[in-house]
Each structure stands twice: as structure tokens, then as C-alpha cells.
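J.: File follows, target-v3.txt with compact mmCIF, C-alpha atoms:
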# COMPACT_ATOMS: atom_id res chain seq x y z
CA MET A 25 22.02 19.21 -78.39
CA ILE A 26 21.33 15.58 -79.29
CA HIS A 27 23.66 12.93 -77.83
CA ASP A 28 24.41 9.80 -79.69
CA THR A 29 23.80 7.01 -77.21
CA GLN A 30 25.65 4.60 -79.48
CA THR A 31 28.96 6.46 -78.96
CA GLN A 32 28.66 6.46 -75.10
CA SER A 33 29.97 3.54 -73.03
CA VAL A 34 27.26 1.57 -71.18
CA LEU A 35 28.11 0.33 -67.64
CA THR A 36 26.73 -2.80 -66.14
CA ILE A 37 25.31 -2.72 -62.64
CA THR A 38 28.33 -4.65 -61.40
CA GLN A 39 30.73 -2.15 -63.01
CA LEU A 40 28.84 0.78 -61.54
CA THR A 41 28.72 -0.78 -58.07
CA ARG A 42 32.41 -1.66 -58.20
CA SER A 43 33.31 1.90 -59.22
CA ILE A 44 31.30 3.30 -56.32
CA LYS A 45 32.96 0.78 -53.99
CA ILE A 46 36.44 1.86 -55.10
CA LEU A 47 35.57 5.53 -54.67
CA LEU A 48 34.00 5.16 -51.21
CA GLU A 49 36.54 2.74 -49.77
CA GLY A 50 39.40 4.84 -51.13
CA GLU A 51 37.98 8.10 -49.78
CA TYR A 52 36.84 6.83 -46.35
CA LYS A 53 39.49 4.33 -45.27
CA PHE A 54 39.86 5.33 -41.64
CA ILE A 55 37.15 7.53 -40.13
CA ARG A 56 35.61 8.23 -36.72
CA VAL A 57 31.83 8.62 -36.60
CA ARG A 58 29.67 9.68 -33.65
CA GLY A 59 26.04 8.61 -33.43
CA GLU A 60 23.36 6.72 -31.52
CA ILE A 61 23.01 2.94 -31.73
CA SER A 62 19.62 1.75 -32.97
CA ASN A 63 18.05 -1.55 -34.12
CA LEU A 64 20.89 -3.56 -32.57
CA LYS A 65 20.78 -7.25 -33.53
CA THR A 66 23.27 -10.02 -32.76
CA PRO A 67 22.36 -13.29 -34.53
CA PHE A 68 23.84 -16.73 -33.88
CA SER A 69 26.97 -15.84 -35.90
CA GLY A 70 28.05 -13.45 -33.14
CA HIS A 71 28.37 -10.40 -35.42
CA SER A 72 26.48 -7.28 -34.32
CA TYR A 73 24.41 -5.37 -36.86
CA PHE A 74 22.99 -1.95 -36.02
CA SER A 75 22.32 1.55 -37.30
CA LEU A 76 24.23 4.68 -36.35
CA LYS A 77 21.96 7.71 -36.46
CA ASP A 78 21.64 11.34 -35.53
CA ALA A 79 18.66 13.71 -35.73
CA ARG A 80 18.48 13.62 -39.54
CA SER A 81 20.32 10.61 -40.97
CA GLN A 82 21.42 7.07 -40.31
CA VAL A 83 23.90 4.57 -41.71
CA ARG A 84 24.06 0.79 -41.37
CA ALA A 85 27.01 -0.57 -39.41
CA VAL A 86 28.45 -3.95 -38.52
CA LEU A 87 30.86 -5.03 -35.77
CA PHE A 88 32.35 -8.42 -36.50
CA LYS A 89 32.71 -11.00 -33.77
CA ASN A 90 36.52 -10.98 -33.69
CA GLN A 91 36.55 -7.19 -33.04
CA LYS A 92 34.33 -7.46 -29.93
CA ARG A 93 37.31 -8.32 -27.74
CA TYR A 94 38.30 -4.64 -27.90
CA LEU A 95 34.95 -3.47 -26.46
CA ASN A 96 34.93 -2.00 -22.96
CA CYS A 97 31.14 -1.87 -22.64
CA ARG A 98 28.06 -3.85 -23.66
CA LEU A 99 26.24 -2.47 -26.67
CA THR A 100 22.57 -1.46 -26.24
CA ASP A 101 20.05 0.56 -28.18
CA GLY A 102 20.13 4.25 -27.34
CA GLN A 103 23.87 4.46 -26.61
CA GLN A 104 25.80 7.43 -27.97
CA VAL A 105 29.10 6.04 -29.26
CA ILE A 106 32.14 7.02 -31.31
CA CYS A 107 32.96 4.31 -33.88
CA PHE A 108 36.32 3.96 -35.64
CA GLY A 109 36.35 2.07 -38.92
CA ARG A 110 35.88 2.32 -42.67
CA ILE A 111 33.18 2.52 -45.32
CA SER A 112 32.51 -0.58 -47.42
CA VAL A 113 30.08 -1.40 -50.22
CA TYR A 114 28.25 -4.73 -50.31
CA GLU A 115 28.16 -5.34 -54.03
CA PRO A 116 25.36 -8.00 -54.26
CA ARG A 117 22.82 -5.47 -52.93
CA GLY A 118 24.54 -2.25 -53.89
CA GLU A 119 24.43 -1.01 -50.28
CA TYR A 120 27.14 0.73 -48.35
CA GLN A 121 27.80 0.15 -44.68
CA PHE A 122 30.21 1.19 -41.98
CA ILE A 123 32.65 -1.57 -40.92
CA VAL A 124 33.39 -0.86 -37.24
CA ASP A 125 36.76 -1.76 -35.74
CA THR A 126 36.46 -0.20 -32.26
CA ILE A 127 33.72 1.54 -30.29
CA GLU A 128 34.00 4.10 -27.51
CA GLN A 129 31.00 5.02 -25.38
CA TYR A 130 30.10 8.69 -25.78
CA GLY A 131 26.97 9.04 -23.73
CA ILE A 132 23.33 8.01 -23.43
CA GLY A 133 21.08 8.59 -26.43
CA ASN A 134 18.35 11.19 -26.48
CA LEU A 135 15.59 8.61 -26.27
CA GLN A 136 17.37 6.81 -23.45
CA ARG A 137 17.75 10.09 -21.55
CA GLU A 138 14.05 10.84 -22.01
CA TYR A 139 13.24 7.31 -20.85
CA GLU A 140 15.31 7.61 -17.66
CA LYS A 141 13.99 11.12 -16.93
CA LEU A 142 10.33 10.09 -17.27
CA LYS A 143 10.94 6.88 -15.32
CA GLU A 144 12.39 8.84 -12.39
CA LYS A 145 9.56 11.40 -12.50
CA LEU A 146 6.76 8.81 -12.49
CA SER A 147 8.50 6.74 -9.83
CA LEU A 148 8.62 9.75 -7.48
CA GLU A 149 4.90 10.33 -8.10
CA GLY A 150 4.15 6.74 -7.02
CA LEU A 151 2.94 5.35 -10.36
CA PHE A 152 5.19 2.28 -9.92
CA SER A 153 4.20 1.63 -6.28
CA GLU A 154 3.41 -1.99 -5.44
CA LYS A 155 0.66 -0.75 -3.11
CA CYS A 156 -1.31 0.49 -6.13
CA LYS A 157 -1.11 -2.81 -8.06
CA LYS A 158 -4.46 -4.57 -8.53
CA GLU A 159 -4.96 -8.31 -8.16
CA LEU A 160 -5.63 -10.34 -11.30
CA PRO A 161 -8.82 -12.47 -11.30
CA PRO A 162 -7.78 -16.16 -11.43
CA HIS A 163 -10.44 -17.18 -13.99
CA PRO A 164 -11.46 -14.18 -16.13
CA GLU A 165 -14.46 -14.49 -18.43
CA LYS A 166 -13.85 -11.42 -20.63
CA VAL A 167 -10.49 -9.91 -21.60
CA ALA A 168 -9.74 -6.80 -23.66
CA ILE A 169 -6.64 -6.99 -25.90
CA ILE A 170 -5.07 -3.72 -27.06
CA SER A 171 -2.71 -4.47 -29.94
CA SER A 172 -2.07 -4.11 -33.64
CA PRO A 173 -4.68 -6.23 -35.46
CA THR A 174 -2.07 -7.38 -38.02
CA GLY A 175 0.86 -7.89 -35.67
CA ALA A 176 2.49 -11.18 -34.68
CA ALA A 177 1.94 -10.35 -30.99
CA LEU A 178 -1.83 -10.72 -31.29
CA ARG A 179 -1.46 -13.95 -33.28
CA ASP A 180 0.90 -15.40 -30.63
CA PHE A 181 -1.55 -14.48 -27.87
CA LEU A 182 -4.56 -16.02 -29.63
CA LYS A 183 -2.51 -19.10 -30.52
CA ILE A 184 -1.94 -19.82 -26.82
CA ALA A 185 -5.66 -19.25 -26.20
CA SER A 186 -6.44 -21.81 -28.91
CA ILE A 187 -3.95 -24.35 -27.57
CA ARG A 188 -5.36 -24.03 -24.07
CA GLU A 189 -8.94 -24.24 -25.40
CA SER A 190 -9.72 -21.11 -23.44
CA PRO A 191 -13.43 -20.26 -23.03
CA VAL A 192 -12.53 -16.60 -22.36
CA HIS A 193 -14.29 -14.00 -24.52
CA PHE A 194 -11.77 -11.62 -26.14
CA GLN A 195 -12.57 -7.99 -26.98
CA ILE A 196 -9.86 -6.82 -29.43
CA LEU A 197 -9.25 -3.05 -29.55
CA PRO A 198 -7.05 -2.38 -32.61
CA VAL A 199 -4.45 0.39 -32.28
CA LYS A 200 -1.19 1.52 -33.80
CA VAL A 201 1.74 0.27 -31.72
CA GLN A 202 4.39 2.61 -33.13
CA GLY A 203 4.49 6.02 -34.72
CA LYS A 204 3.41 9.50 -33.69
CA MET A 205 -0.27 8.74 -33.04
CA ALA A 206 0.32 5.36 -31.39
CA SER A 207 0.52 6.58 -27.78
CA ALA A 208 -2.71 8.59 -28.08
CA GLU A 209 -4.55 5.59 -29.58
CA ILE A 210 -3.26 3.26 -26.85
CA ALA A 211 -4.29 5.65 -24.04
CA GLN A 212 -7.73 6.12 -25.63
CA ALA A 213 -8.14 2.34 -26.00
CA ILE A 214 -7.40 1.84 -22.28
CA LYS A 215 -10.09 4.39 -21.37
CA LEU A 216 -12.52 2.70 -23.78
CA ALA A 217 -11.83 -0.75 -22.28
CA ASN A 218 -12.71 0.62 -18.85
CA ARG A 219 -16.15 1.57 -20.18
CA ILE A 220 -16.89 -1.81 -21.79
CA GLU A 221 -19.14 -3.95 -19.61
CA ASN A 222 -17.75 -7.02 -17.81
CA ILE A 223 -14.09 -6.53 -18.88
CA GLU A 224 -11.96 -8.13 -16.13
CA ILE A 225 -8.40 -7.78 -17.53
CA ILE A 226 -6.79 -5.47 -20.11
CA VAL A 227 -3.77 -6.82 -22.04
CA LEU A 228 -1.26 -4.61 -23.89
CA CYS A 229 0.49 -6.66 -26.61
CA ARG A 230 3.39 -5.74 -28.87
CA GLY A 231 6.24 -7.67 -30.45
CA GLY A 232 9.92 -6.89 -30.01
CA GLY A 233 11.85 -4.06 -31.63
CA SER A 234 14.23 -1.19 -31.06
CA ILE A 235 13.72 1.52 -28.48
CA GLU A 236 12.19 3.67 -31.25
CA ASP A 237 9.75 0.89 -32.18
CA LEU A 238 8.64 0.49 -28.55
CA TRP A 239 8.61 4.21 -27.77
CA ALA A 240 4.81 4.52 -27.80
CA PHE A 241 4.80 2.46 -24.58
CA ASN A 242 7.30 4.89 -23.00
CA GLU A 243 5.03 7.93 -23.37
CA GLU A 244 3.70 9.67 -20.24
CA GLU A 245 0.17 9.69 -21.69
CA VAL A 246 0.11 5.88 -21.82
CA ALA A 247 1.66 5.54 -18.34
CA ARG A 248 -0.99 7.74 -16.73
CA ALA A 249 -3.79 5.95 -18.57
CA ILE A 250 -2.52 2.62 -17.21
CA PHE A 251 -2.25 3.99 -13.66
CA SER A 252 -5.78 5.49 -13.82
CA SER A 253 -7.36 2.27 -15.10
CA GLU A 254 -9.85 0.67 -12.71
CA ILE A 255 -9.37 -2.67 -14.46
CA PRO A 256 -6.06 -4.54 -13.89
CA ILE A 257 -3.64 -4.28 -16.83
CA VAL A 258 -1.13 -6.92 -17.98
CA THR A 259 1.67 -6.03 -20.40
CA GLY A 260 3.35 -8.37 -22.87
CA ILE A 261 5.60 -5.97 -24.77
CA GLY A 262 8.74 -6.84 -26.73
CA HIS A 263 11.19 -9.50 -25.69
CA GLU A 264 12.25 -10.60 -22.21
CA VAL A 265 15.04 -7.98 -22.03
CA ASP A 266 12.76 -5.09 -23.08
CA PHE A 267 11.38 -2.95 -20.26
CA THR A 268 9.07 -0.02 -21.01
CA ILE A 269 7.47 2.60 -18.79
CA ALA A 270 4.17 0.80 -19.38
CA ASP A 271 5.66 -2.36 -17.79
CA PHE A 272 6.48 -0.49 -14.58
CA CYS A 273 2.97 1.07 -14.38
CA ALA A 274 1.09 -2.14 -15.20
CA ASP A 275 -0.37 -4.37 -12.51
CA PHE A 276 1.58 -7.33 -13.92
CA ARG A 277 4.40 -7.44 -16.46
CA CYS A 278 5.00 -10.45 -18.71
CA PRO A 279 8.18 -10.73 -20.82
CA THR A 280 6.33 -11.49 -24.08
CA PRO A 281 2.77 -11.59 -25.50
CA THR A 282 2.94 -15.38 -25.24
CA GLY A 283 3.87 -15.05 -21.55
CA ALA A 284 0.89 -12.74 -21.01
CA ALA A 285 -1.48 -15.33 -22.50
CA ILE A 286 0.01 -18.09 -20.34
CA LYS A 287 -0.32 -15.91 -17.23
CA ILE A 288 -3.97 -14.88 -17.51
CA LEU A 289 -5.57 -17.77 -19.43
CA PRO A 290 -6.28 -20.93 -17.46
CA ASP A 291 -5.08 -24.19 -19.03
CA VAL A 292 -8.38 -25.97 -19.68
CA THR A 293 -6.65 -29.36 -19.92
CA ALA A 294 -4.95 -28.83 -16.56
CA VAL A 295 -8.23 -27.65 -15.03
CA ARG A 296 -10.01 -30.74 -16.36
CA ASP A 297 -7.32 -33.01 -14.94
CA HIS A 298 -7.59 -31.23 -11.61
CA LEU A 299 -11.39 -31.60 -11.61
CA ALA A 300 -11.08 -35.28 -12.48
CA ALA A 301 -8.70 -35.78 -9.56
CA LEU A 302 -11.10 -33.92 -7.26
CA LYS A 303 -13.97 -36.08 -8.51
CA LYS A 304 -12.03 -39.25 -7.65
CA ARG A 305 -11.29 -37.93 -4.17
CA VAL A 306 -14.95 -37.02 -3.59
CA ILE A 307 -16.14 -40.46 -4.78
CA TYR A 308 -13.59 -42.20 -2.52
CA PHE A 309 -14.64 -40.05 0.43
CA LEU A 310 -18.35 -40.75 -0.14
CA GLU A 311 -17.81 -44.51 -0.53
CA HIS A 312 -15.75 -44.57 2.67
CA LYS A 313 -18.41 -42.53 4.50
CA ILE A 314 -21.19 -44.84 3.26
CA SER A 315 -19.25 -47.90 4.50
CA GLN A 316 -18.89 -46.34 7.93
CA LEU A 317 -22.61 -45.52 8.09
CA GLU A 318 -23.56 -49.06 7.04
CA LEU A 319 -21.37 -50.51 9.80
CA LYS A 320 -22.88 -48.14 12.35
CA THR A 321 -26.42 -49.02 11.18
CA ARG A 322 -25.80 -52.76 11.62
CA THR A 323 -24.48 -52.15 15.12
CA ASN A 324 -27.52 -50.05 16.06
CA ILE A 325 -29.92 -52.72 14.74
CA ARG A 326 -28.22 -55.30 16.94
CA LEU A 327 -28.55 -53.02 19.96
CA LEU A 328 -32.21 -52.22 19.24
CA SER A 329 -33.18 -55.91 19.35
CA ASP A 330 -32.91 -55.78 23.19
CA LEU A 331 -35.10 -52.67 23.57
CA ASP A 332 -38.15 -54.54 24.96
CA ARG A 333 -36.22 -55.97 27.88
CA MET A 334 -34.56 -52.61 28.50
CA PHE A 335 -37.93 -50.82 28.62
CA GLU A 336 -39.37 -53.37 31.11
CA ASN A 337 -36.46 -52.88 33.47
CA MET A 338 -36.71 -49.10 33.16
CA ASP A 339 -40.48 -49.19 33.94
CA LEU A 340 -39.89 -51.20 37.12
CA ARG A 341 -37.15 -48.84 38.25
CA LEU A 342 -39.39 -45.85 37.55
CA ASN A 343 -42.23 -47.22 39.76
CA LEU A 344 -39.86 -47.89 42.64
CA SER A 345 -38.42 -44.42 42.33
CA ARG A 346 -41.91 -42.88 42.42
CA ILE A 347 -42.72 -44.71 45.73
CA TYR A 348 -39.42 -43.66 47.30
CA LEU A 349 -40.02 -40.06 46.22
CA HIS A 350 -43.49 -39.86 47.82
CA GLN A 351 -42.14 -41.26 51.10
CA GLU A 352 -39.25 -38.79 51.15
CA ILE A 353 -41.52 -35.82 50.44
CA GLY A 354 -43.86 -36.79 53.34
CA ASN A 355 -41.01 -37.18 55.83
CA ASN A 356 -39.47 -33.88 54.78
CA LEU A 357 -42.75 -31.95 55.16
CA ALA A 358 -43.32 -33.40 58.68
CA HIS A 359 -39.83 -32.36 59.75
CA LYS A 360 -40.28 -28.84 58.39
CA ASP A 361 -43.63 -28.43 60.20
CA THR A 362 -42.13 -29.45 63.57
CA HIS A 363 -39.22 -27.01 63.14
CA PHE A 364 -41.58 -24.16 62.17
CA ARG A 365 -43.67 -24.65 65.36
CA TYR A 366 -40.51 -24.53 67.50
CA LEU A 367 -39.36 -21.25 65.93
CA LEU A 368 -42.82 -19.68 66.36
CA GLN A 369 -42.85 -20.45 70.10
CA LYS A 370 -39.36 -19.05 70.54
CA LEU A 371 -40.29 -15.82 68.73
CA GLU A 372 -43.36 -15.21 70.86
CA SER A 373 -41.34 -15.67 74.07
CA HIS A 374 -38.99 -12.76 73.25
CA ALA A 375 -41.81 -10.08 72.74
CA PRO A 376 -39.81 -7.65 70.55
CA LEU A 377 -42.43 -4.79 70.60
CA ALA A 378 -41.76 -3.85 74.26
CA LYS A 379 -38.03 -3.81 73.69
CA LEU A 380 -38.43 -1.55 70.65
CA GLU A 381 -40.46 1.05 72.64
CA LEU A 382 -37.83 1.18 75.41
CA ARG A 383 -35.01 1.63 72.94
CA GLU A 384 -36.98 4.40 71.16
CA GLN A 385 -37.26 6.42 74.40
CA LYS A 386 -33.57 6.00 75.14
CA LEU A 387 -32.70 7.14 71.60
CA LYS A 388 -34.76 10.34 71.95
CA LEU A 389 -32.95 11.20 75.21
CA LEU A 390 -29.54 10.69 73.61
CA VAL A 391 -30.51 12.90 70.66
CA SER A 392 -31.60 15.75 73.00
CA ARG A 393 -28.31 15.57 74.94
CA LEU A 394 -26.29 15.55 71.69
CA VAL A 395 -28.05 18.72 70.40
CA ASN A 396 -27.35 20.60 73.67
CA GLN A 397 -23.67 19.65 73.63
CA ILE A 398 -23.27 20.74 69.97
CA GLN A 399 -24.89 24.15 70.65
CA THR A 400 -22.61 24.72 73.70
CA HIS A 401 -19.52 23.76 71.70
CA LEU A 402 -20.44 26.09 68.82
CA TYR A 403 -20.97 29.01 71.22
CA ASN A 404 -17.56 28.51 72.82
CA LYS A 405 -15.83 28.30 69.45
CA GLU A 406 -17.57 31.46 68.25
CA SER A 407 -16.29 33.39 71.29
CA GLU A 408 -12.75 32.13 70.74
CA PHE A 409 -12.89 33.16 67.06
CA THR A 410 -14.11 36.68 67.92
CA ASN A 411 -11.27 37.19 70.42
CA ALA A 412 -8.67 35.86 68.00
CA THR A 413 -9.96 38.20 65.27
CA ALA A 414 -9.63 41.23 67.51
CA VAL A 415 -6.05 40.30 68.47
CA LEU A 416 -5.08 39.61 64.86
CA ASN A 417 -6.56 42.91 63.66
CA SER A 418 -4.57 44.86 66.26
CA VAL A 419 -1.25 43.55 64.86
CA SER A 420 -2.28 43.36 61.16
CA PRO A 421 -0.21 45.45 58.70
CA LEU A 422 -3.47 46.44 57.04
CA ALA A 423 -4.49 48.26 60.21
CA THR A 424 -1.13 50.00 60.17
CA LEU A 425 -1.68 51.04 56.54
CA ALA A 426 -5.12 52.38 57.49
CA ARG A 427 -3.41 54.77 59.92
CA GLY A 428 -1.50 56.43 57.04
CA TYR A 429 1.55 54.21 56.70
CA SER A 430 2.70 52.55 53.43
CA ILE A 431 5.03 49.78 52.23
CA VAL A 432 7.63 50.54 49.55
CA THR A 433 8.94 47.67 47.35
CA LYS A 434 11.52 47.43 44.60
CA TYR A 435 12.00 44.67 41.94
CA ASP A 436 15.32 42.86 42.38
CA ALA A 437 16.58 41.56 39.01
CA LEU A 438 19.08 39.17 40.64
CA SER A 439 16.61 37.35 42.84
CA GLY A 440 13.69 37.81 40.44
CA ARG A 441 11.29 39.04 43.16
CA LYS A 442 10.18 42.20 44.98
CA GLU A 443 12.17 43.41 47.99
CA ILE A 444 10.85 45.80 50.73
CA VAL A 445 12.80 49.09 50.85
CA CYS A 446 13.88 49.80 54.43
CA ASN A 447 16.86 52.08 53.77
CA CYS A 448 17.37 54.86 51.25
CA SER A 449 20.79 53.45 50.42
CA SER A 450 19.12 50.49 48.70
CA VAL A 451 17.70 52.71 45.93
CA VAL A 452 19.23 55.06 43.38
CA LYS A 453 17.92 57.68 41.08
CA GLU A 454 15.63 56.45 38.25
CA ASP A 455 14.71 53.26 40.15
CA ASN A 456 11.08 52.15 39.75
CA LEU A 457 9.28 51.66 43.06
CA GLU A 458 5.83 50.39 44.06
CA ILE A 459 4.06 51.93 47.10
CA LEU A 460 1.34 49.82 48.75
CA LEU A 461 -1.32 51.97 50.54
CA HIS A 462 -4.37 51.01 52.56
CA LYS A 463 -6.37 51.27 49.38
CA GLY A 464 -4.47 50.67 46.13
CA THR A 465 -0.83 50.96 44.98
CA ILE A 466 1.29 53.73 43.45
CA GLN A 467 3.95 53.15 40.73
CA CYS A 468 6.70 55.81 40.94
CA THR A 469 10.25 56.64 39.84
CA VAL A 470 13.00 57.89 42.20
CA THR A 471 14.05 61.47 41.32
CA GLY A 472 16.43 61.90 44.22
CA VAL A 473 17.80 60.24 47.36
CA GLN A 474 18.47 62.01 50.68
CA GLU A 475 20.28 60.37 53.61
Just give me the structure of the file as C-alpha cells.
T.:
Amino acid sequence: MIHDTQTQSVLTITQLTRSIKILLEGEYKFIRVRGEISNLKTPFSGHSYFSLKDARSQVRAVLFKNQKRYLNCRLTDGQQVICFGRISVYEPRGEYQFIVDTIEQYGIGNLQREYEKLKEKLSLEGLFSEKCKKELPPHPEKVAIISSPTGAALRDFLKIASIRESPVHFQILPVKVQGKMASAEIAQAIKLANRIENIEIIVLCRGGGSIEDLWAFNEEEVARAIFSSEIPIVTGIGHEVDFTIADFCADFRCPTPTGAAIKILPDVTAVRDHLAALKKRVIYFLEHKISQLELKTRTNIRLLSDLDRMFENMDLRLNLSRIYLHQEIGNNLAHKDTHFRYLLQKLESHAPLAKLELREQKLKLLVSRLVNQIQTHLYNKESEFTNATAVLNSVSPLATLARGYSIVTKYDALSGRKEIVCNCSSVVKEDNLEILLHKGTIQCTVTGVQE
């Protein structure tokens, strides 16, 4: 069937958009929608623009400034909320959006829950520990930058390096910073940077965005790669309010890529000014030191002009001292010789050899008497011991046991020790007894008791 296009009415874009607007706004005047907040932005106007999404779809939404007074919580990406409002069509662009009147918090978004769960897990494993953080070298010579080669983050970083006239050599490792394969590329780039020679710092750069945009830096694979890196890692991811898992694992976190550049790159102008100031101080110190040495030299020259007279006086004093020394040595030797002769005469008068012989004889006599007394004393003690042994053996219980007697004992549970059985009334049937004989013991059980 052929239609005649001339007989059909032709709508303009404005008419079509207006018709759709009337249909949507008439059908969805007051609705409640549940979803997760994403891509939240609040410009200078104060209105909040965001997307409401679920697992499969999303819709643009706006909360005007005058409606924010009804909020009971601060809006953030990842929140699960219930929004009450209406559907509206923005005719200039032919787009529909959800005009939000009130918002109720429903829960934390799936991504936010995953974020908090992984953060708690890695924290318990010690990946965020301050003890594991590595120190940053103050003046690095070679830095590896892991970032998107076309992103604004890399341009901001290199702009600061250009402003500061940094002599640092940059090794740029291009990676995807969002999407499914981004986390694997970032982790692989970190491992690659650790194998590149002379790399002193690794920088992770990425501009701001929603939690979905930054999610590659919240993956466990990236976190463990950062923790395992032997080279210190600095992060400059997102805006100042954005915190990723990578920030917690890194050795130093900067709020932005620009902040990362400022942190690790020395300001050449400031360094030059500092060196100039040091140079002035060194020159002043050297000039002051030279002035002091010149003054000291002039003083020494003045003192040295009198050296001839000083040496003459010292030579005269040395000759006098030599004469006095010779005289003193002679007098001292004469005195020592006289004293030695006196001691020699005194020693000869005492004749010590005769006295030593007499004392030797007396000592031998005393030794002989001491030996006789010791032998007599030992004999007497041996006799006393023999007699005491005979008496003791006659009254010893062992001798009694040898004649056929025995000792019966019973264990007393109350006192915790063995008691000697002297009376049959102290035992009952089935008691366990121990009989001590002259040789050995007998363990037995009472089968009967007879008075």
C-alpha cells in the first residue's frame, strides 16, 4: 500500500517535542523513584544535577536550590535514595529529566558498599599502615608517571614541571584510567615502573569524576600492586574531596595531579634563590675569616721582631741550668754512695745465715711433734667411733628386723603420710598395708581383723 505523503500532516521538531512534553508531564506528575546517585555536580548556581541509576538504566535528575532546605542528609555519589518529583521535558534539547522535590536516603550504593568492604579488608591486612610507607627522595632525578596520555591530569602535572623549570626526567607510562581493563593496565604499569632503571618515584595521575569514573583506583589488584612496589608511590587522583583505595595504599596522597607535581618537583627558582643566599653567607664568612687571619698575622709579625733578644736570654738561662744540673747530680751520687756503704755494714753485722739454720732445726722438731699428736688423736677418735657403732647397732631397728620382726604401715589420707600400725583396731578389711622387712617390703590387703 502506497501512502500519499502530501495528505499526511508534517510536525515540526518543536511540535513533536511539545507533544511529548505534554504526554510525559501529564502521565508522570507525581512519582517516587528509587535509584543510586551518580555524577553529582553542584555548580555556582546552587542547583544539584545528577543521574539516578540502577543496574540497567539511568535518568537525569535535578534538585533546585530552593528545594534543598527539605533535605535531611548531604548528597554524595553512591547513595541509594528515594526521590519524589515529576518528569519534565527540556524542549531546547529534546531531553527529559526528573525534577526532584524531596529526597529520602535509602541506603548505600553497590559501589559504595564494595568500596567500604574492600577498604576494611585491606586495612585489617595492614596495607594502609604508616609503618609501611616509604620516604620520598627530596630531589628525584627520574619519575615515572602512570596516567592517560590524553587526559588533563597529565597536562596539569607537566605544566607545573614546566613552570618550575624542573630538570627531572619523566618516564610516561600510558594507561586507561577508567573502564573494565583500566585496573589491570594500572597494576601492570606499576610493576613495569619497578623494573625501569633509576626510577625514584611513581606518580598515579587522574582527573576528577564520579565514583564510577574513579573505580579503577578502587580495585584490589591496583591496591596490592601499590603496596608491593619497592619504589615510593604518590597519588594525585580526582579532586580534593575524592579518596580512593589507591590513596590509602600510596606512600603519599596529594589532592590533585597539580598537588602531586608541587609535592615531588623542586621549585628551581626557589632552589636558585636559596643557593644565592647560601653563596652570600659563604662569601661573608670567608671575608670575615680572612680579616681575622690578617689581624693575627700582623700581631705575630710584631711579636717575631723580638725573637733575637728572646733567643739570647734563653741561651744564657740554658747554660746556667746545665751547670746547676751537673752540680746537683754529683751531690746526689755522693749522698747515695755514703748511704749504701752504711746499709752494707749493717747487713753484715746481723749474719742472717746462722739464724736461718737455727730456725730450720726448730721447724723440723715442731713438725715431728705435730705428726705424733695427729696420729694419737686419730687413733683415739677411731676407737670412739668403733664403740659408738657397736652401741648404735645394738639398738637399731634394722637389727630388730634382722631377727624376724617387721614394721607395718598404713597410708593416712587425712594427714597425707604413712602411719605405723600398732593396734588392729586402726585397720579395717580391704585396707592396703605396707610391711617393711629386713630385706625388702611387702604390699598387702587386709582380708580380716582379729582382736
J.: Using Å and a single decimal, report how far CA of Thr469 in chain A sits from CA of Lys453 in chain A.
T.: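 Separating CA of Lys453 in chain A from CA of Thr469 in chain A is a distance of 7.8 Å.
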J.: Counting all atoms listed in the file, what is within 7 Å of Ile223 in chain A, bar same-chain residues fewer than 6 positions away, as an MDAnalysis selection string?
T.: chainID A and resid 166:168
J.: Taking only C-alpha atoms into account, which of A:Leu142, A:Ile61, A:Ala426, A:Leu340 comes nearest Ser234 in chain A?
T.: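 Looking only at the distances to Ser234 in chain A, the closest residue turns out to be A:Ile61.
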J.: Using only C-alpha atoms, which of A:Phe194, A:Phe309, A:Tyr348, A:Tyr139 sits nearest Glu244 in chain A?
T.: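 For Glu244 in chain A, the nearest of the candidates is A:Tyr139.
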J.: Need to verify the contact set: Asp237 in chain A, 10 Å, only C-alpha atoms, exclusion of same-chain residues closer than 5 positions in sequence. Can you return it as number ranges by chain?
T.: A: 62-63, 201-203, 230-232, 262
J.: Those selected residues, please, written with C-alpha atoms and delivered as a compact mmCIF listing (two decimals), in the coordinates of the input.
T.:
# COMPACT_ATOMS: atom_id res chain seq x y z
CA SER A 62 19.62 1.75 -32.97
CA ASN A 63 18.05 -1.55 -34.12
CA VAL A 201 1.74 0.27 -31.72
CA GLN A 202 4.39 2.61 -33.13
CA GLY A 203 4.49 6.02 -34.72
CA ARG A 230 3.39 -5.74 -28.87
CA GLY A 231 6.24 -7.67 -30.45
CA GLY A 232 9.92 -6.89 -30.01
CA GLY A 262 8.74 -6.84 -26.73
J.: Please, what distance in Å, to one decimal, runs between CA of Gln82 in chain A and CA of Val105 in chain A?
T.: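 Distance reported for this atom pair: 13.5 Å.
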J.: If I take CA of Glu51 in chain A and CA of Asn96 in chain A, how far is one from the other in Å, to one decimal?
T.: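 Interatomic distance here is 28.8 Å.
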J.: Residues at most 10 Å from range 88-94 of chain A, counting all atoms listed in the file, excluding those fewer than 5 positions away in the same chain, as a PyMOL selection string?
T.: chain A and resi 66+69-73+123-128
J.: Skip Ile235 in chain A itself and residues of its chain fewer than 4 positions away, then list as a ChimeraX atom specification all residues within 9 Å of it, counting all atoms listed in the file.
T.: /A:62-63,101-102,135-136,239,266,268
